[in-house]
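Next up, query38.txt (compact mmCIF, C-alpha atoms):
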```
# COMPACT_ATOMS: atom_id res chain seq x y z
CA MET W 1 -5.10 -27.79 -9.25
CA LYS W 2 -4.65 -29.65 -12.54
CA LYS W 3 -6.95 -32.31 -11.10
CA PHE W 4 -9.54 -29.64 -10.45
CA PHE W 5 -9.45 -28.62 -14.10
CA LYS W 6 -10.10 -32.23 -15.12
CA TYR W 7 -13.27 -32.31 -13.03
CA TYR W 8 -14.21 -28.83 -14.19
CA ALA W 9 -13.81 -29.94 -17.82
CA ILE W 10 -16.23 -32.81 -17.15
CA CYS W 11 -18.78 -30.38 -15.70
CA TRP W 12 -18.19 -28.06 -18.66
CA ALA W 13 -18.87 -30.87 -21.13
CA ILE W 14 -22.06 -31.79 -19.27
CA ALA W 15 -23.22 -28.14 -19.24
CA LEU W 16 -22.55 -27.77 -22.97
CA ALA W 17 -24.41 -31.02 -23.68
CA VAL W 18 -27.38 -29.91 -21.56
CA PHE W 19 -27.41 -26.55 -23.36
CA ASN W 20 -27.52 -28.28 -26.75
CA VAL W 21 -30.21 -30.75 -25.67
CA ILE W 22 -32.47 -28.01 -24.30
CA VAL W 23 -31.98 -25.75 -27.31
CA PHE W 24 -32.57 -28.34 -30.01
CA ILE W 25 -35.40 -30.17 -28.24
CA VAL W 26 -37.30 -26.95 -27.60
CA ALA W 27 -36.58 -25.55 -31.05
CA GLY W 28 -37.50 -28.85 -32.68
CA ASN W 29 -40.81 -29.08 -30.85
CA THR W 30 -41.86 -25.47 -31.31
CA VAL W 31 -40.89 -23.80 -34.57
CA GLY W 32 -39.00 -26.81 -35.93
CA LEU W 33 -35.30 -26.91 -36.73
CA LYS W 34 -36.00 -26.45 -40.43
CA ASN W 35 -37.78 -23.19 -39.74
CA VAL W 36 -35.26 -21.50 -37.44
CA GLY W 37 -33.73 -18.39 -38.91
CA THR W 38 -30.17 -17.17 -39.34
CA SER W 39 -30.35 -15.23 -36.08
CA PHE W 40 -30.93 -18.50 -34.22
CA TRP W 41 -27.72 -20.02 -35.56
CA ILE W 42 -25.77 -16.82 -34.94
CA ALA W 43 -26.96 -16.75 -31.33
CA TYR W 44 -26.21 -20.45 -30.94
CA ALA W 45 -22.67 -19.95 -32.31
CA PHE W 46 -21.96 -16.95 -30.06
CA ILE W 47 -23.21 -18.66 -26.90
CA THR W 48 -21.20 -21.78 -27.77
CA LEU W 49 -18.13 -19.54 -28.16
CA VAL W 50 -18.81 -18.16 -24.69
CA PHE W 51 -18.70 -21.72 -23.35
CA ILE W 52 -15.41 -22.30 -25.18
CA GLY W 53 -14.06 -18.99 -23.85
CA ASN W 54 -14.99 -20.05 -20.33
CA LEU W 55 -13.10 -23.33 -20.76
CA GLY W 56 -10.10 -21.52 -22.27
CA CYS W 57 -9.88 -19.05 -19.36
CA SER W 58 -10.09 -21.89 -16.84
CA PHE W 59 -7.44 -23.95 -18.60
CA THR W 60 -5.03 -21.00 -18.82
CA PHE W 61 -5.41 -20.17 -15.13
CA PHE W 62 -5.54 -23.60 -13.52
CA LYS W 63 -2.81 -25.31 -15.56
CA GLU W 64 -0.03 -23.39 -13.74
CA GLU W 65 1.12 -24.66 -10.36
CA ASN W 66 2.07 -21.91 -7.96
CA ARG W 67 2.07 -21.96 -4.17
CA ASN W 68 0.53 -18.50 -3.87
CA LYS W 69 -1.93 -19.12 -6.67
CA THR W 70 -3.16 -22.27 -4.98
CA PHE W 71 -4.87 -20.20 -2.30
CA LEU W 72 -6.27 -17.74 -4.82
CA LYS W 73 -7.50 -20.55 -7.07
CA LEU W 74 -9.85 -21.68 -4.32
CA SER W 75 -11.82 -18.46 -4.69
CA VAL W 76 -11.61 -18.51 -8.49
CA MET W 77 -13.11 -22.01 -8.45
CA HIS W 78 -16.39 -20.53 -7.25
CA TYR W 79 -16.33 -18.01 -10.09
CA ALA W 80 -15.55 -20.78 -12.58
CA PHE W 81 -18.53 -22.92 -11.65
CA GLY W 82 -20.74 -19.88 -11.13
CA ALA W 83 -19.92 -18.51 -14.58
CA LEU W 84 -20.48 -21.93 -16.16
CA VAL W 85 -23.88 -22.45 -14.53
CA ALA W 86 -24.96 -18.88 -15.25
CA SER W 87 -23.93 -19.20 -18.91
CA LEU W 88 -25.90 -22.44 -19.20
CA ILE W 89 -29.04 -20.99 -17.64
CA VAL W 90 -28.98 -17.69 -19.53
CA GLY W 91 -28.04 -19.29 -22.83
CA ALA W 92 -30.63 -22.05 -22.59
CA ILE W 93 -33.45 -19.68 -21.62
CA ALA W 94 -32.55 -17.15 -24.31
CA MET W 95 -32.48 -19.83 -27.02
CA ALA W 96 -35.54 -21.75 -25.80
CA VAL W 97 -37.92 -18.85 -25.17
CA PRO W 98 -38.95 -17.21 -28.45
CA ALA W 99 -40.17 -14.07 -26.68
CA ILE W 100 -36.60 -13.26 -25.59
CA PRO W 101 -34.44 -11.68 -28.33
CA TYR W 102 -31.34 -13.73 -29.06
CA TRP W 103 -29.08 -10.73 -28.61
CA VAL W 104 -30.13 -10.52 -24.95
CA GLY W 105 -28.79 -14.00 -24.24
CA ILE W 106 -25.59 -13.27 -26.17
CA SER W 107 -25.00 -10.00 -24.32
CA VAL W 108 -25.59 -11.45 -20.85
CA ASP W 109 -23.41 -14.49 -21.52
CA VAL W 110 -20.60 -12.28 -22.84
CA LEU W 111 -20.84 -10.15 -19.69
CA ILE W 112 -20.64 -13.30 -17.55
CA LEU W 113 -17.51 -14.40 -19.42
CA ALA W 114 -15.99 -10.93 -19.04
CA PHE W 115 -16.67 -10.96 -15.30
CA TYR W 116 -15.01 -14.37 -14.99
CA ALA W 117 -12.00 -13.27 -17.06
CA ILE W 118 -11.55 -10.17 -14.90
CA ALA W 119 -11.67 -12.34 -11.75
CA ILE W 120 -8.86 -14.46 -13.21
CA VAL W 121 -6.76 -11.41 -14.11
CA LYS W 122 -7.16 -10.06 -10.57
CA ALA W 123 -6.10 -13.40 -9.08
CA VAL W 124 -3.04 -13.60 -11.34
CA ALA W 125 -2.07 -10.02 -10.48
CA ALA W 126 -2.46 -10.71 -6.75
CA ALA W 127 -0.31 -13.84 -6.99
CA ASP W 128 2.40 -11.94 -8.89
CA ILE W 129 2.44 -9.19 -6.26
CA ILE W 130 2.74 -11.76 -3.45
CA ASN W 131 5.58 -13.53 -5.29
CA THR W 132 7.42 -10.24 -5.79
CA VAL W 133 7.09 -9.31 -2.12
CA GLU W 134 8.23 -12.76 -0.98
CA HIS W 135 11.24 -12.61 -3.30
CA LYS W 136 12.26 -9.21 -1.91
CA VAL W 137 11.84 -10.43 1.67
CA LYS W 138 14.01 -13.49 0.97
CA GLU W 139 16.70 -11.27 -0.50
CA LYS W 140 16.62 -8.91 2.47
CA THR W 141 16.75 -11.72 5.05
CA ALA W 142 19.36 -13.85 3.25
CA TYR W 143 22.29 -12.29 5.14
CA ILE W 144 21.03 -13.15 8.64
CA ARG W 145 19.66 -16.54 7.56
CA MET W 146 23.04 -17.61 6.19
CA LEU W 147 24.91 -16.15 9.16
CA THR W 148 22.59 -18.06 11.51
CA VAL W 149 23.29 -21.31 9.66
CA ASP W 150 27.05 -20.71 9.86
CA ALA W 151 26.86 -19.82 13.57
CA GLU W 152 24.87 -22.96 14.35
CA SER W 153 27.31 -25.10 12.36
CA LEU W 154 30.21 -23.59 14.32
CA ILE W 155 28.83 -24.98 17.61
CA SER W 156 29.49 -28.55 16.51
CA ARG W 157 33.06 -27.65 15.56
CA ALA W 158 33.97 -26.35 19.00
CA LYS W 159 36.52 -28.62 20.69
CA SER W 160 36.04 -27.60 24.31
CA ASP W 161 33.16 -26.68 26.60
CA GLU W 162 34.41 -23.09 26.81
CA THR W 163 34.50 -22.51 23.05
CA LYS W 164 31.20 -24.38 22.60
CA ALA W 165 29.56 -22.04 25.13
CA LEU W 166 30.93 -19.00 23.28
CA ALA W 167 29.71 -20.39 19.96
CA LYS W 168 26.23 -20.91 21.39
CA LYS W 169 26.21 -17.38 22.76
CA VAL W 170 27.07 -15.94 19.33
CA TYR W 171 24.51 -18.21 17.66
CA GLU W 172 21.74 -17.00 19.97
CA ALA W 173 22.70 -13.36 19.33
CA VAL W 174 22.57 -13.85 15.58
CA ARG W 175 19.46 -16.03 15.67
CA TYR W 176 17.37 -13.44 17.48
CA SER W 177 18.71 -10.41 15.63
CA ASP W 178 16.60 -8.40 13.19
CA PRO W 179 16.41 -10.48 9.98
CA MET W 180 15.77 -7.59 7.59
CA SER W 181 18.69 -6.02 5.77
CA SER W 182 19.14 -2.91 3.65
CA PRO W 183 21.89 -1.06 1.74
CA GLN W 184 22.40 1.27 4.73
CA LEU W 185 23.61 -1.72 6.76
CA ASN W 186 26.27 -2.85 4.29
CA ASP W 187 29.19 -1.44 6.27
CA ILE W 188 28.29 -2.97 9.62
CA GLU W 189 27.30 -6.25 8.00
CA THR W 190 30.74 -6.39 6.37
CA GLN W 191 32.30 -5.83 9.81
CA ILE W 192 30.16 -8.62 11.25
CA LYS W 193 31.18 -10.93 8.42
CA ASN W 194 34.89 -10.24 8.96
CA GLU W 195 34.63 -10.60 12.73
CA PHE W 196 32.72 -13.85 12.34
CA ILE W 197 35.56 -15.23 10.21
CA ALA W 198 38.01 -14.34 12.96
CA PHE W 199 35.71 -15.88 15.57
CA SER W 200 35.36 -19.06 13.50
CA ASP W 201 39.14 -19.41 13.27
CA ALA W 202 39.48 -18.98 17.02
CA ILE W 203 36.82 -21.64 17.67
CA LYS W 204 38.37 -24.10 15.23
CA ASN W 205 41.80 -23.53 16.78
CA ASP W 206 40.33 -23.89 20.28
CA ASP W 207 41.78 -20.51 21.25
CA VAL W 208 39.54 -19.67 24.21
CA ASP W 209 40.94 -16.21 24.93
CA LEU W 210 40.77 -15.04 21.32
CA ALA W 211 37.32 -16.61 20.89
CA ALA W 212 36.07 -14.80 24.00
CA THR W 213 37.36 -11.43 22.79
CA SER W 214 36.05 -12.01 19.28
CA SER W 215 32.63 -13.20 20.46
CA GLU W 216 32.23 -10.06 22.59
CA GLU W 217 33.08 -7.83 19.64
CA LEU W 218 30.82 -9.87 17.36
CA ILE W 219 27.84 -9.63 19.69
CA ASN W 220 28.40 -5.87 20.07
CA LEU W 221 28.38 -5.50 16.30
CA VAL W 222 25.17 -7.55 16.04
CA ASN W 223 23.55 -5.36 18.69
CA ASP W 224 24.69 -2.21 16.86
CA ARG W 225 23.15 -3.59 13.69
CA ASN W 226 19.87 -4.23 15.51
CA SER W 227 19.84 -0.64 16.75
CA LYS W 228 20.40 0.67 13.23
CA CYS W 229 17.68 -1.60 11.88
CA LYS W 230 15.29 -0.19 14.46
CA ALA W 231 16.27 3.37 13.57
CA LEU W 232 15.74 2.72 9.83
CA LYS W 233 12.20 1.51 10.48
CA LYS W 234 11.12 4.70 12.25
```
Structure re-expressed in structure tokens:
Amino acid sequence: MKKFFKYYAICWAIALAVFNVIVFIVAGNTVGLKNVGTSFWIAYAFITLVFIGNLGCSFTFFKEENRNKTFLKLSVMHYAFGALVASLIVGAIAMAVPAIPYWVGISVDVLILAFYAIAIVKAVAAADIINTVEHKVKEKTAYIRMLTVDAESLISRAKSDETKALAKKVYEAVRYSDPMSSPQLNDIETQIKNEFIAFSDAIKNDDVDLAATSSEELINLVNDRNSKCKALKK
């Protein structure tokens, strides 16, 4: 998105240049630059500040790289170019047409900038909310994700076909269990953790009987956890 800002800055510079050309050519060929009043220069300064404000808002928003913001930036891009073009048209017309009071052009351009700024704030807020939700989901699924990794790793450590089959059975049970966790599941998750340690020792020691007993208990605990997860969601 930093590349986008570079291209946007080029368009911004062109728009500002066009605005200046239109304003000074029209003013120079109508009333003459020497005859323009203070209100002309005040309006020119305010509308130029709107252009600068537009560039500042765009730079602030598009300089930050964020996976969630990348999607939202695609929609803000339309607002960015729309606000720039609208500011150019309104500002140029207001400054070039004597019949239109300068304050009208200033007011409309300020409203355009405000609309664009609000669009940016909404996009930032949406991205922050998405990031917060994703962070919470990662925290709540960390237990099962790590247990799944450990169970899969245990398969390769099995020394016989019997223990390998038991390790795969436990891995499948863990892999397809409910990934979400909660404080209410702390007790049973502690039991699963302790039983998994015992199961791991049995697999590493190639103790088929102990591994079979432990795997059965471990799978029962995983199933009990799934039932509790289901009950908590009701």
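Rounded to one decimal, CA of Tyr8 in chain W and CA of Ile106 in chain W lie 22.7 Å from each other.
Excluding range 108-118 of chain W itself and same-chain residues fewer than 6 positions from it, the residues having an atom within 9 Å of it are Phe46, Ile47, Val50, Phe51, Gly53, Asn54, Cys57, Ser58, Val76, Tyr79, Ala80, Gly82, Ala83, Leu84, Ala86, Ser87, Leu88, Val90 and Gly91 of chain W, counting all atoms listed in the file.
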- Extract, using only C-alpha atoms, all DNA, RNA and protein residues at most 9 Å from Lys228 in chain W, discarding same-chain residues fewer than 5 positions from it, and format them as a PyMOL selection string. chain W and resi 184-185+223+233
Expected axis-aligned box over every listed atom of range 2-18 of chain W, 6 Å added per side, centre plus edges in Å to one decimal, as JSON:
```
{"center_x": -16.0, "center_y": -30.3, "center_z": -17.1, "size_x": 34.7, "size_y": 17.0, "size_z": 25.2}
```
- Any idea what the distance is between CA of Ser177 in chain W and CA of Asp161 in chain W? 24.4 Å
- What residues have an atom no more than 8 Å from (-10.4, -27.0, -14.8) in the file's own frame, counting only C-alpha atoms, and can you write them as a PyMOL selection string? chain W and resi 1-9+55+58-59+62-63
- Task: Measure the distance from CA of Ala231 in chain W to CA of Ser200 in chain W in Å and round it to one decimal.
- Result: 29.5 Å
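The smallest atom-to-atom distance between Ile203 in chain W and any of W:Thr48, W:Thr148, W:Asn186, W:Ser156, using all atoms listed in the file, is found for W:Ser156.
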- Task: Measuring atom to atom with only C-alpha atoms, identify which of W:Leu154, W:Ile42, W:Ile129, W:Ile10 is nearest to Lys204 in chain W.
- Result: W:Leu154
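Of the listed residues W:Met77, W:Ile22, W:Ala127, W:Ala151, the one whose atoms come nearest to Ile192 in chain W is W:Ala151, with distances taken using only C-alpha atoms.
Residues lying within 12 Å of Ile100 in chain W, counting all atoms listed in the file and ignoring same-chain neighbours fewer than 4 positions away, are Phe40, Ala43, Val90, Gly91, Ala92, Ile93, Ala94, Met95, Ala96, Val104, Gly105 and Ile106 of chain W.
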- Message: Let me make sure I understand: among W:Val121, W:Met180, W:Val208, W:Ala165, which one has the smallest atom-to-atom distance to Ala142 in chain W if we use only C-alpha atoms?
- Response: W:Met180
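Each of W:Ile130, W:Ile188, W:Ala198, W:Ala212 was checked against Cys229 in chain W using all atoms listed in the file; the smallest atom-to-atom distance is that of W:Ile188.
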